[in-house]
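Shown here: final17.tsv, TSV, C-alpha atoms.
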```
chain	number	residue	atom	x	y	z
H	445	MET	CA	71.61	14.02	84.44
H	446	LEU	CA	75.01	15.14	83.22
H	447	LYS	CA	77.71	12.54	83.44
H	448	HIS	CA	80.91	13.70	85.12
H	449	THR	CA	83.06	12.73	82.16
H	450	GLN	CA	81.16	15.08	79.91
H	451	HIS	CA	82.08	18.30	81.73
H	452	HIS	CA	83.45	20.67	79.17
H	453	LYS	CA	86.95	21.78	80.18
H	454	GLY	CA	86.18	20.67	83.74
H	455	ILE	CA	88.18	18.22	85.81
H	456	SER	CA	87.18	14.56	86.02
H	457	CYS	CA	85.90	12.84	89.16
H	458	GLU	CA	89.18	11.00	89.41
H	459	GLU	CA	91.09	14.28	89.44
H	460	ALA	CA	88.60	15.78	91.89
H	461	ILE	CA	89.02	12.89	94.35
H	462	LYS	CA	92.80	13.31	94.19
H	463	ARG	CA	92.40	16.89	95.38
H	464	VAL	CA	89.95	16.17	98.20
H	465	TYR	CA	92.46	16.07	101.07
H	466	ASP	CA	94.34	19.15	99.94
H	467	PHE	CA	90.99	20.87	99.66
H	468	ILE	CA	89.70	20.01	103.12
H	469	ASP	CA	93.11	20.80	104.62
H	470	ASN	CA	93.08	24.18	102.89
H	471	HIS	CA	96.20	23.51	100.83
H	472	LEU	CA	94.92	23.91	97.29
H	473	LYS	CA	96.16	26.75	95.16
H	474	ALA	CA	93.52	29.19	93.88
H	475	LYS	CA	93.21	27.75	90.36
H	476	ALA	CA	93.03	24.10	91.46
H	477	ARG	CA	90.57	25.09	94.14
H	478	ALA	CA	88.30	26.93	91.70
H	479	GLU	CA	88.34	23.95	89.32
H	480	LEU	CA	87.38	21.60	92.11
H	481	GLU	CA	84.65	23.90	93.42
H	482	HIS	CA	83.21	24.12	89.94
H	483	HIS	CA	83.22	20.33	89.70
H	484	LEU	CA	81.51	20.03	93.09
H	485	GLU	CA	78.69	22.27	91.94
H	486	THR	CA	77.78	19.80	89.25
H	487	CYS	CA	78.77	16.41	90.69
H	488	ARG	CA	76.69	15.10	93.57
H	489	HIS	CA	78.95	12.10	94.20
H	490	CYS	CA	82.14	14.14	94.64
H	491	PHE	CA	80.25	16.78	96.62
H	492	ASP	CA	79.07	14.08	99.04
H	493	ARG	CA	82.59	12.71	99.29
H	494	VAL	CA	83.97	16.13	100.23
H	495	GLU	CA	81.22	16.68	102.80
H	496	PHE	CA	81.94	13.25	104.26
H	497	GLU	CA	85.68	13.92	104.59
H	498	LYS	CA	85.00	17.35	106.11
H	499	LEU	CA	82.64	15.81	108.66
H	500	LEU	CA	85.14	13.14	109.64
H	501	LYS	CA	87.90	15.74	109.97
H	502	ALA	CA	85.60	17.83	112.16
H	503	ARG	CA	84.99	14.80	114.41
H	504	LEU	CA	88.74	14.39	114.88
H	505	ARG	CA	89.20	18.09	115.57
H	506	HIS	CA	86.52	17.76	118.22
H	507	LEU	CA	88.74	15.31	120.13
H	508	LYS	CA	91.10	18.15	121.01
H	509	VAL	CA	90.72	18.59	124.74
H	510	ASP	CA	91.97	21.48	126.78
H	511	THR	CA	94.43	20.25	129.32
H	512	GLU	CA	95.35	22.46	132.20
H	513	SER	CA	97.91	20.69	134.25
H	514	LYS	CA	99.38	22.74	137.04
H	515	ALA	CA	100.64	19.59	138.72
H	516	LEU	CA	102.56	18.51	135.63
H	517	ARG	CA	104.02	21.99	135.15
H	518	LYS	CA	105.28	21.83	138.72
H	519	LYS	CA	106.85	18.42	138.09
H	520	ILE	CA	108.53	19.71	134.94
H	521	ASP	CA	109.82	22.74	136.84
H	522	GLU	CA	111.40	20.40	139.38
H	523	LEU	CA	112.78	18.18	136.64
H	524	ILE	CA	114.61	21.09	134.99
H	525	GLU	CA	116.15	21.94	138.39
H	526	GLN	CA	117.86	18.55	138.38
H	527	PHE	CA	119.85	19.30	135.25
M	1340	MET	CA	122.18	11.36	130.46
M	1341	VAL	CA	123.43	11.39	134.04
M	1342	ASP	CA	126.73	12.93	132.92
M	1343	ASN	CA	124.95	15.99	131.58
M	1344	ARG	CA	122.96	16.63	134.71
M	1345	THR	CA	125.17	19.19	136.36
M	1346	GLN	CA	126.15	21.09	133.25
M	1347	LEU	CA	123.37	23.63	133.13
M	1348	SER	CA	124.01	26.95	134.79
M	1349	LEU	CA	121.38	28.73	136.83
M	1350	GLU	CA	120.83	31.12	133.93
M	1351	ASP	CA	120.37	28.19	131.53
M	1352	LYS	CA	117.85	26.57	133.84
M	1353	GLN	CA	115.94	29.79	134.14
M	1354	MET	CA	115.98	30.20	130.37
M	1355	LEU	CA	114.83	26.61	129.86
M	1356	LYS	CA	111.94	27.10	132.23
M	1357	GLU	CA	110.88	30.21	130.35
M	1358	ILE	CA	111.02	28.29	127.09
M	1359	VAL	CA	109.46	25.00	128.22
M	1360	LEU	CA	106.84	25.80	130.86
M	1361	PRO	CA	104.47	27.80	128.61
M	1362	TRP	CA	104.20	24.76	126.33
M	1363	VAL	CA	103.66	22.04	128.92
M	1364	ASP	CA	99.88	22.00	128.43
M	1365	ASP	CA	100.30	21.69	124.65
M	1366	LEU	CA	102.87	18.93	125.02
M	1367	HIS	CA	100.63	17.13	127.47
M	1368	ARG	CA	97.63	17.38	125.16
M	1369	VAL	CA	99.50	15.98	122.15
M	1370	ALA	CA	101.03	13.28	124.37
M	1371	LEU	CA	97.56	12.25	125.54
M	1372	GLN	CA	96.37	11.92	121.94
M	1373	LEU	CA	99.43	9.91	120.97
M	1374	CYS	CA	99.57	7.70	124.03
M	1375	HIS	CA	95.97	6.61	124.26
M	1376	ASP	CA	96.31	3.11	125.74
M	1377	HIS	CA	99.95	2.89	124.73
M	1378	CYS	CA	101.95	4.75	127.33
M	1379	ASN	CA	101.83	7.31	130.08
M	1380	ALA	CA	101.41	10.81	128.69
M	1381	GLU	CA	102.98	12.59	131.68
M	1382	GLU	CA	105.97	10.29	131.54
M	1383	LEU	CA	106.35	11.05	127.85
M	1384	VAL	CA	106.31	14.80	128.50
M	1385	ALA	CA	108.90	14.37	131.26
M	1386	GLU	CA	111.17	12.36	128.93
M	1387	CYS	CA	110.73	15.00	126.26
M	1388	VAL	CA	111.75	17.77	128.66
M	1389	ALA	CA	114.72	15.73	129.88
M	1390	ARG	CA	115.93	15.42	126.29
M	1391	ALA	CA	115.30	19.12	125.76
M	1392	CYS	CA	117.54	19.86	128.76
M	1393	GLU	CA	120.31	17.70	127.31
M	1394	HIS	CA	120.12	19.34	123.90
M	1395	PHE	CA	119.26	22.83	125.05
M	1396	THR	CA	122.30	24.40	123.40
M	1397	LYS	CA	121.10	23.19	119.98
M	1398	LEU	CA	118.06	25.45	120.09
M	1399	ARG	CA	119.22	28.70	118.51
M	1400	ASP	CA	115.94	30.37	117.66
M	1401	HIS	CA	113.87	30.50	120.83
M	1402	SER	CA	110.77	31.58	118.93
M	1403	LYS	CA	110.69	28.05	117.47
M	1404	ALA	CA	110.61	26.42	120.89
M	1405	LYS	CA	107.15	24.93	120.48
M	1406	GLN	CA	108.07	23.18	117.21
M	1407	TRP	CA	111.36	22.05	118.69
M	1408	LEU	CA	109.68	20.58	121.77
M	1409	LEU	CA	106.97	18.87	119.75
M	1410	ARG	CA	109.62	17.36	117.51
M	1411	ILE	CA	111.42	15.97	120.56
M	1412	LEU	CA	108.11	14.72	121.95
M	1413	THR	CA	107.09	12.88	118.78
M	1414	ASN	CA	110.58	11.45	118.24
M	1415	THR	CA	110.73	10.29	121.84
M	1416	TYR	CA	107.33	8.70	121.44
M	1417	ILE	CA	108.22	6.90	118.20
M	1418	SER	CA	111.53	5.57	119.53
M	1419	LYS	CA	109.91	4.49	122.81
M	1420	ARG	CA	107.29	2.55	120.91
M	1421	ARG	CA	109.93	1.01	118.68
M	1422	THR	CA	111.86	-0.21	121.70
M	1423	GLU	CA	108.68	-1.58	123.27
M	1424	ARG	CA	107.82	-3.36	120.09
M	1425	THR	CA	111.14	-5.13	119.80
M	1426	ARG	CA	111.12	-6.01	123.49
M	1427	GLN	CA	107.55	-7.30	123.70
M	1428	GLU	CA	107.05	-8.04	120.03
M	1429	ILE	CA	103.98	-5.86	119.77
M	1430	PRO	CA	102.69	-6.42	116.27
M	1431	LEU	CA	101.88	-3.53	113.99
M	1432	SER	CA	98.21	-2.81	114.53
M	1433	ILE	CA	97.35	-2.95	110.88
M	1434	ASP	CA	99.50	-5.64	109.37
M	1435	ALA	CA	97.45	-7.74	106.99
M	1436	ASP	CA	96.25	-4.84	104.91
M	1437	ILE	CA	99.27	-2.59	105.16
M	1438	SER	CA	99.60	-2.48	101.39
M	1439	GLU	CA	96.16	-1.05	100.83
M	1440	ASP	CA	96.42	2.71	101.06
M	1441	ASN	CA	93.38	3.94	99.26
M	1442	PHE	CA	90.57	2.59	101.39
M	1443	SER	CA	87.62	4.97	101.41
M	1444	LEU	CA	84.93	4.65	104.05
M	1445	PHE	CA	82.74	6.87	101.91
M	1446	ASP	CA	82.88	4.34	99.08
M	1447	GLN	CA	81.82	1.59	101.50
M	1448	LEU	CA	78.90	3.52	102.89
M	1449	SER	CA	77.63	5.64	100.06
M	1450	MET	CA	74.51	4.30	98.35
M	1451	PRO	CA	73.76	6.88	95.70
M	1452	PHE	CA	70.97	5.01	93.95
M	1453	ILE	CA	69.22	3.32	96.87
M	1454	LEU	CA	69.00	6.23	99.27
M	1455	TRP	CA	69.53	9.19	97.03
M	1456	TRP	CA	67.48	11.49	99.29
M	1457	SER	CA	69.59	10.94	102.39
M	1458	ASN	CA	73.26	10.68	103.39
M	1459	PRO	CA	73.72	7.33	105.14
M	1460	GLU	CA	77.50	7.80	105.15
M	1461	ARG	CA	77.23	11.03	107.12
M	1462	GLU	CA	74.83	9.38	109.57
M	1463	VAL	CA	77.41	6.69	110.27
M	1464	ILE	CA	80.05	9.31	111.11
M	1465	ASN	CA	77.58	11.10	113.38
M	1466	LYS	CA	76.77	7.87	115.20
M	1467	LEU	CA	80.36	6.95	115.95
M	1468	MET	CA	81.43	7.59	119.54
M	1469	ASP	CA	84.44	9.78	120.32
M	1470	GLU	CA	85.91	6.69	121.94
M	1471	ASP	CA	85.61	4.74	118.65
M	1472	ILE	CA	87.53	7.49	116.88
M	1473	ARG	CA	90.18	7.57	119.64
M	1474	ARG	CA	90.55	3.79	119.39
M	1475	ALA	CA	90.90	4.04	115.62
M	1476	ILE	CA	93.63	6.67	115.99
M	1477	GLY	CA	95.24	4.44	118.62
M	1478	SER	CA	95.34	1.53	116.18
M	1479	LEU	CA	97.33	3.45	113.56
M	1480	PRO	CA	101.03	2.72	113.01
M	1481	ASP	CA	102.99	5.35	114.99
M	1482	GLU	CA	104.33	7.40	112.06
M	1483	TYR	CA	100.84	7.85	110.70
M	1484	ARG	CA	99.29	8.52	114.09
M	1485	VAL	CA	101.67	11.41	114.70
M	1486	VAL	CA	100.74	13.12	111.41
M	1487	ILE	CA	96.99	12.55	111.87
M	1488	VAL	CA	97.07	13.91	115.42
M	1489	LEU	CA	99.03	17.01	114.42
M	1490	CYS	CA	96.93	17.74	111.33
M	1491	ASP	CA	93.39	16.66	112.16
M	1492	VAL	CA	93.23	16.90	115.94
M	1493	GLU	CA	95.62	19.77	116.62
M	1494	GLY	CA	94.93	21.64	113.38
M	1495	PHE	CA	98.53	22.13	112.20
M	1496	SER	CA	99.19	23.10	108.57
M	1497	TYR	CA	101.30	20.84	106.32
M	1498	LYS	CA	104.10	23.38	106.61
M	1499	GLU	CA	103.99	23.34	110.40
M	1500	ILE	CA	103.99	19.54	110.46
M	1501	SER	CA	106.87	19.48	107.98
M	1502	GLY	CA	108.83	21.90	110.19
M	1503	THR	CA	107.99	20.04	113.39
M	1504	LEU	CA	108.84	16.54	112.19
M	1505	LYS	CA	111.60	17.65	109.79
M	1506	ILE	CA	110.09	15.74	106.89
M	1507	PRO	CA	109.27	17.11	103.41
M	1508	ILE	CA	105.75	18.41	102.75
M	1509	GLY	CA	105.27	15.64	100.18
M	1510	THR	CA	105.89	13.08	102.92
M	1511	VAL	CA	103.40	14.84	105.20
M	1512	ARG	CA	100.85	14.62	102.42
M	1513	SER	CA	101.43	10.93	101.64
M	1514	ARG	CA	101.46	9.92	105.32
M	1515	LEU	CA	98.20	11.78	105.83
M	1516	ALA	CA	96.58	10.05	102.87
M	1517	ARG	CA	97.75	6.65	104.06
M	1518	GLY	CA	96.93	7.38	107.68
M	1519	ARG	CA	93.43	8.44	106.75
M	1520	SER	CA	92.98	5.31	104.69
M	1521	PHE	CA	94.00	3.16	107.71
M	1522	LEU	CA	91.83	5.22	110.02
M	1523	GLN	CA	88.78	4.85	107.82
M	1524	LYS	CA	89.32	1.14	107.61
M	1525	SER	CA	89.37	0.88	111.42
M	1526	LEU	CA	86.27	3.04	111.67
M	1527	TRP	CA	84.57	0.77	109.17
M	1528	HIS	CA	85.18	-2.16	111.55
M	1529	TYR	CA	83.85	-0.18	114.52
M	1530	ALA	CA	80.79	0.86	112.57
M	1531	GLU	CA	80.09	-2.75	111.67
M	1532	GLU	CA	80.63	-4.11	115.21
M	1533	PRO	CA	77.80	-2.40	117.11
M	1534	GLY	CA	75.58	-2.65	114.08
M	1535	ILE	CA	75.65	1.01	113.10
M	1536	VAL	CA	75.91	0.03	109.48
M	1537	GLN	CA	73.63	-2.97	109.74
M	1538	SER	CA	70.73	-1.24	111.48
M	1539	ARG	CA	70.85	1.38	108.80
M	1540	THR	CA	70.68	-1.29	106.09
M	1541	LYS	CA	67.71	-2.98	107.75
M	1542	LYS	CA	65.91	0.32	107.99
M	1543	GLY	CA	66.59	0.87	104.31
M	1544	GLN	CA	65.17	-2.54	103.47
M	1545	ARG	CA	62.06	-1.91	105.54
M	1546	GLU	CA	61.45	1.37	103.78
M	1547	HIS	CA	61.93	-0.42	100.51
M	1548	VAL	CA	59.29	-3.03	101.39
M	1549	GLU	CA	56.83	-0.42	102.66
M	1550	THR	CA	57.15	1.54	99.44
M	1551	HIS	CA	56.20	-1.52	97.49
M	1552	ALA	CA	53.31	-2.42	99.81
M	1553	THR	CA	51.64	0.92	99.22
M	1554	PRO	CA	49.14	0.62	96.39
```

Encoded form (structure tokens):
Amino acid sequence: MLKHTQHHKGISCEEAIKRVYDFIDNHLKAKARAELEHHLETCRHCFDRVEFEKLLKARLRHLKVDTESKALRKKIDELIEQF
Amino acid sequence: MVDNRTQLSLEDKQMLKEIVLPWVDDLHRVALQLCHDHCNAEELVAECVARACEHFTKLRDHSKAKQWLLRILTNTYISKRRTERTRQEIPLSIDADISEDNFSLFDQLSMPFILWWSNPEREVINKLMDEDIRRAIGSLPDEYRVVIVLCDVEGFSYKEISGTLKIPIGTVRSRLARGRSFLQKSLWHYAEEPGIVQSRTKKGQREHVETHATP
């Protein structure tokens, strides 16, 4: 099995981990993203880490609940009247 | 506050309603995520709108009303909590380990050589209840909770968060990293409590024994 440190011209695991959050939040620039994706193709550990962070982020996203509060909107309408 | 109450003209009030009312559901939703166990979400929205009424003239670009209102909401929330804390001496939820900002739940759970065919760390995340995750968000220090809620729950971009909270993108990034580290540490405690982690370990051990028992 190839060791991560031996990747020719590739980024190290340390560098990959630094980019994980920017990656899952979709804030990596094209070049940095391509480098990371290349690393993930060959490094199981970093790949698992990214999948883990993505899954956790998805669980948080899932907490978003649709609130439809007519009663509150009415209260707010009345509140503005007082000003 | 009382002094300002009669200053708004009918036109202003009408304008304010047009600006505020479409966003009440969004404000309420974010308030619910922030308040969990800490305060009353409807009250927070009402306070936010009251402040918006007082500072209405400061909003020049009406297309940025949502950001403006969310900024008032989060600022109101943070200052409310600060006042509560000084009054009741509520301790910071995560105090002992506040210096540690690179905790990784993955590193705690991942067992690359023992269970290389499965993903125990992903199983743990799947087993956590929504309520565990809400509690973990609720245990975050306020500044971090706000950023986590906006980014991970509401799906805002760094730029939107930066614009909403009026903090640099670099600060958004570092608060997110720290917030996530705190969050994962809390989740680690919740996973240990009901034995999510332990039952998995026992299962692993059993499998290990069975493998050896087979001739």

Quiz item: Taking only C-alpha atoms into account, which residues of chain M are within 9 Å of chain H, as JSON, numbers by chain?
Solution: {"M": [1341, 1343, 1344, 1345, 1346, 1347, 1348, 1349, 1352, 1353, 1355, 1356, 1359, 1360, 1361, 1363, 1364, 1365, 1367, 1368, 1369, 1372, 1381, 1384, 1385, 1388, 1389, 1392, 1393, 1445, 1446, 1449, 1451, 1458, 1460, 1461, 1464, 1465, 1469, 1472, 1473, 1487, 1488, 1490, 1491, 1492, 1493, 1494, 1496, 1497, 1512, 1515, 1516]}

Just write the chosen residues, C-alpha atoms, as an mmCIF file, in the frame of the given file.
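Below you can see out10.cif, which holds the result:
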```cif
data_model
loop_
_atom_site.group_PDB
_atom_site.id
_atom_site.type_symbol
_atom_site.label_atom_id
_atom_site.label_comp_id
_atom_site.auth_asym_id
_atom_site.auth_seq_id
_atom_site.Cartn_x
_atom_site.Cartn_y
_atom_site.Cartn_z
ATOM 1 C CA VAL M 1341 123.430 11.390 134.040
ATOM 2 C CA ASN M 1343 124.950 15.990 131.580
ATOM 3 C CA ARG M 1344 122.960 16.630 134.710
ATOM 4 C CA THR M 1345 125.170 19.190 136.360
ATOM 5 C CA GLN M 1346 126.150 21.090 133.250
ATOM 6 C CA LEU M 1347 123.370 23.630 133.130
ATOM 7 C CA SER M 1348 124.010 26.950 134.790
ATOM 8 C CA LEU M 1349 121.380 28.730 136.830
ATOM 9 C CA LYS M 1352 117.850 26.570 133.840
ATOM 10 C CA GLN M 1353 115.940 29.790 134.140
ATOM 11 C CA LEU M 1355 114.830 26.610 129.860
ATOM 12 C CA LYS M 1356 111.940 27.100 132.230
ATOM 13 C CA VAL M 1359 109.460 25.000 128.220
ATOM 14 C CA LEU M 1360 106.840 25.800 130.860
ATOM 15 C CA PRO M 1361 104.470 27.800 128.610
ATOM 16 C CA VAL M 1363 103.660 22.040 128.920
ATOM 17 C CA ASP M 1364 99.880 22.000 128.430
ATOM 18 C CA ASP M 1365 100.300 21.690 124.650
ATOM 19 C CA HIS M 1367 100.630 17.130 127.470
ATOM 20 C CA ARG M 1368 97.630 17.380 125.160
ATOM 21 C CA VAL M 1369 99.500 15.980 122.150
ATOM 22 C CA GLN M 1372 96.370 11.920 121.940
ATOM 23 C CA GLU M 1381 102.980 12.590 131.680
ATOM 24 C CA VAL M 1384 106.310 14.800 128.500
ATOM 25 C CA ALA M 1385 108.900 14.370 131.260
ATOM 26 C CA VAL M 1388 111.750 17.770 128.660
ATOM 27 C CA ALA M 1389 114.720 15.730 129.880
ATOM 28 C CA CYS M 1392 117.540 19.860 128.760
ATOM 29 C CA GLU M 1393 120.310 17.700 127.310
ATOM 30 C CA PHE M 1445 82.740 6.870 101.910
ATOM 31 C CA ASP M 1446 82.880 4.340 99.080
ATOM 32 C CA SER M 1449 77.630 5.640 100.060
ATOM 33 C CA PRO M 1451 73.760 6.880 95.700
ATOM 34 C CA ASN M 1458 73.260 10.680 103.390
ATOM 35 C CA GLU M 1460 77.500 7.800 105.150
ATOM 36 C CA ARG M 1461 77.230 11.030 107.120
ATOM 37 C CA ILE M 1464 80.050 9.310 111.110
ATOM 38 C CA ASN M 1465 77.580 11.100 113.380
ATOM 39 C CA ASP M 1469 84.440 9.780 120.320
ATOM 40 C CA ILE M 1472 87.530 7.490 116.880
ATOM 41 C CA ARG M 1473 90.180 7.570 119.640
ATOM 42 C CA ILE M 1487 96.990 12.550 111.870
ATOM 43 C CA VAL M 1488 97.070 13.910 115.420
ATOM 44 C CA CYS M 1490 96.930 17.740 111.330
ATOM 45 C CA ASP M 1491 93.390 16.660 112.160
ATOM 46 C CA VAL M 1492 93.230 16.900 115.940
ATOM 47 C CA GLU M 1493 95.620 19.770 116.620
ATOM 48 C CA GLY M 1494 94.930 21.640 113.380
ATOM 49 C CA SER M 1496 99.190 23.100 108.570
ATOM 50 C CA TYR M 1497 101.300 20.840 106.320
ATOM 51 C CA ARG M 1512 100.850 14.620 102.420
ATOM 52 C CA LEU M 1515 98.200 11.780 105.830
ATOM 53 C CA ALA M 1516 96.580 10.050 102.870
#
```

Self-check item: For atom CA of Asp1481 of chain M and atom CA of Cys1374 of chain M, the interatomic separation in Å (one decimal)
Solution: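 Separating atom CA of Asp1481 of chain M from atom CA of Cys1374 of chain M is a distance of 9.9 Å.
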
Quiz item: Which value, in Å to one decimal, gives the distance between atom CA of Arg1426 of chain M and atom CA of Arg1484 of chain M?
Solution: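 Rounded to one decimal, the two atoms are 21.0 Å apart.
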
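Between atom CA of Leu1366 of chain M and atom CA of Tyr1416 of chain M there is a distance of 11.7 Å.
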
Quiz item: Pick the closest to Ile468 of chain H from H:Ala515, H:Ile455, H:Leu480, H:Cys487: which is it, counting only C-alpha atoms?
Solution: H:Leu480

Quiz item: What's the 12 Å shell around Ala460 of chain H, counting only C-alpha atoms, without same-chain residues fewer than 3 positions away, as a PyMOL selection string?
Solution: chain H and resi 448-449+454-457+463-467+472+476-487+489-491+493-494

C-alpha atoms of segment 1462-1532 of chain M, written as a PDB file, in the first residue's frame:
```
ATOM      1  CA  GLU M1462     -22.304   4.292  12.138  1.00  0.00           C
ATOM      2  CA  VAL M1463     -21.915   6.394  15.270  1.00  0.00           C
ATOM      3  CA  ILE M1464     -23.096   9.520  13.438  1.00  0.00           C
ATOM      4  CA  ASN M1465     -26.060   7.597  12.025  1.00  0.00           C
ATOM      5  CA  LYS M1466     -27.024   6.363  15.488  1.00  0.00           C
ATOM      6  CA  LEU M1467     -27.031   9.782  17.113  1.00  0.00           C
ATOM      7  CA  MET M1468     -30.495  11.232  17.704  1.00  0.00           C
ATOM      8  CA  ASP M1469     -31.455  14.639  16.319  1.00  0.00           C
ATOM      9  CA  GLU M1470     -31.968  15.643  19.930  1.00  0.00           C
ATOM     10  CA  ASP M1471     -28.341  14.737  20.772  1.00  0.00           C
ATOM     11  CA  ILE M1472     -27.162  16.976  17.955  1.00  0.00           C
ATOM     12  CA  ARG M1473     -29.472  19.811  19.078  1.00  0.00           C
ATOM     13  CA  ARG M1474     -28.162  19.473  22.628  1.00  0.00           C
ATOM     14  CA  ALA M1475     -24.597  19.563  21.357  1.00  0.00           C
ATOM     15  CA  ILE M1476     -25.310  22.746  19.388  1.00  0.00           C
ATOM     16  CA  GLY M1477     -27.009  24.128  22.503  1.00  0.00           C
ATOM     17  CA  SER M1478     -23.880  23.503  24.565  1.00  0.00           C
ATOM     18  CA  LEU M1479     -21.655  25.602  22.290  1.00  0.00           C
ATOM     19  CA  PRO M1480     -20.461  29.049  23.386  1.00  0.00           C
ATOM     20  CA  ASP M1481     -22.810  31.605  21.760  1.00  0.00           C
ATOM     21  CA  GLU M1482     -20.410  33.058  19.180  1.00  0.00           C
ATOM     22  CA  TYR M1483     -19.676  29.603  17.839  1.00  0.00           C
ATOM     23  CA  ARG M1484     -23.288  28.471  17.952  1.00  0.00           C
ATOM     24  CA  VAL M1485     -24.351  31.374  15.750  1.00  0.00           C
ATOM     25  CA  VAL M1486     -21.798  30.515  13.047  1.00  0.00           C
ATOM     26  CA  ILE M1487     -22.551  26.775  13.154  1.00  0.00           C
ATOM     27  CA  VAL M1488     -26.299  27.380  12.908  1.00  0.00           C
ATOM     28  CA  LEU M1489     -25.938  29.776   9.978  1.00  0.00           C
ATOM     29  CA  CYS M1490     -23.456  27.606   8.074  1.00  0.00           C
ATOM     30  CA  ASP M1491     -24.402  24.015   8.804  1.00  0.00           C
ATOM     31  CA  VAL M1492     -28.096  24.192   9.641  1.00  0.00           C
ATOM     32  CA  GLU M1493     -29.217  27.113   7.487  1.00  0.00           C
ATOM     33  CA  GLY M1494     -26.721  26.511   4.680  1.00  0.00           C
ATOM     34  CA  PHE M1495     -25.272  30.045   4.417  1.00  0.00           C
ATOM     35  CA  SER M1496     -21.995  30.577   2.551  1.00  0.00           C
ATOM     36  CA  TYR M1497     -18.967  32.056   4.361  1.00  0.00           C
ATOM     37  CA  LYS M1498     -19.573  35.286   2.467  1.00  0.00           C
ATOM     38  CA  GLU M1499     -23.196  35.474   3.581  1.00  0.00           C
ATOM     39  CA  ILE M1500     -22.221  34.792   7.196  1.00  0.00           C
ATOM     40  CA  SER M1501     -19.471  37.401   6.968  1.00  0.00           C
ATOM     41  CA  GLY M1502     -21.990  39.936   5.616  1.00  0.00           C
ATOM     42  CA  THR M1503     -24.641  39.028   8.171  1.00  0.00           C
ATOM     43  CA  LEU M1504     -22.439  39.133  11.255  1.00  0.00           C
ATOM     44  CA  LYS M1505     -20.104  41.858   9.931  1.00  0.00           C
ATOM     45  CA  ILE M1506     -17.007  39.796  10.673  1.00  0.00           C
ATOM     46  CA  PRO M1507     -14.163  38.969   8.247  1.00  0.00           C
ATOM     47  CA  ILE M1508     -14.338  35.700   6.300  1.00  0.00           C
ATOM     48  CA  GLY M1509     -11.190  34.529   8.097  1.00  0.00           C
ATOM     49  CA  THR M1510     -13.033  34.887  11.401  1.00  0.00           C
ATOM     50  CA  VAL M1511     -16.003  32.942  10.019  1.00  0.00           C
ATOM     51  CA  ARG M1512     -13.607  30.185   9.044  1.00  0.00           C
ATOM     52  CA  SER M1513     -11.790  30.027  12.392  1.00  0.00           C
ATOM     53  CA  ARG M1514     -15.026  30.166  14.416  1.00  0.00           C
ATOM     54  CA  LEU M1515     -16.427  27.347  12.315  1.00  0.00           C
ATOM     55  CA  ALA M1516     -13.335  25.210  12.849  1.00  0.00           C
ATOM     56  CA  ARG M1517     -13.408  25.834  16.582  1.00  0.00           C
ATOM     57  CA  GLY M1518     -17.163  25.453  16.815  1.00  0.00           C
ATOM     58  CA  ARG M1519     -17.009  22.135  15.013  1.00  0.00           C
ATOM     59  CA  SER M1520     -14.247  20.969  17.309  1.00  0.00           C
ATOM     60  CA  PHE M1521     -16.414  21.814  20.374  1.00  0.00           C
ATOM     61  CA  LEU M1522     -19.451  20.248  18.764  1.00  0.00           C
ATOM     62  CA  GLN M1523     -17.643  17.015  18.014  1.00  0.00           C
ATOM     63  CA  LYS M1524     -16.361  16.861  21.550  1.00  0.00           C
ATOM     64  CA  SER M1525     -19.923  17.158  22.899  1.00  0.00           C
ATOM     65  CA  LEU M1526     -21.133  14.533  20.464  1.00  0.00           C
ATOM     66  CA  TRP M1527     -18.356  12.259  21.630  1.00  0.00           C
ATOM     67  CA  HIS M1528     -19.749  12.515  25.176  1.00  0.00           C
ATOM     68  CA  TYR M1529     -23.290  11.798  23.967  1.00  0.00           C
ATOM     69  CA  ALA M1530     -22.099   8.832  21.950  1.00  0.00           C
ATOM     70  CA  GLU M1531     -20.344   7.424  25.003  1.00  0.00           C
ATOM     71  CA  GLU M1532     -23.284   7.992  27.392  1.00  0.00           C
TER      72      GLU M1532
END
```
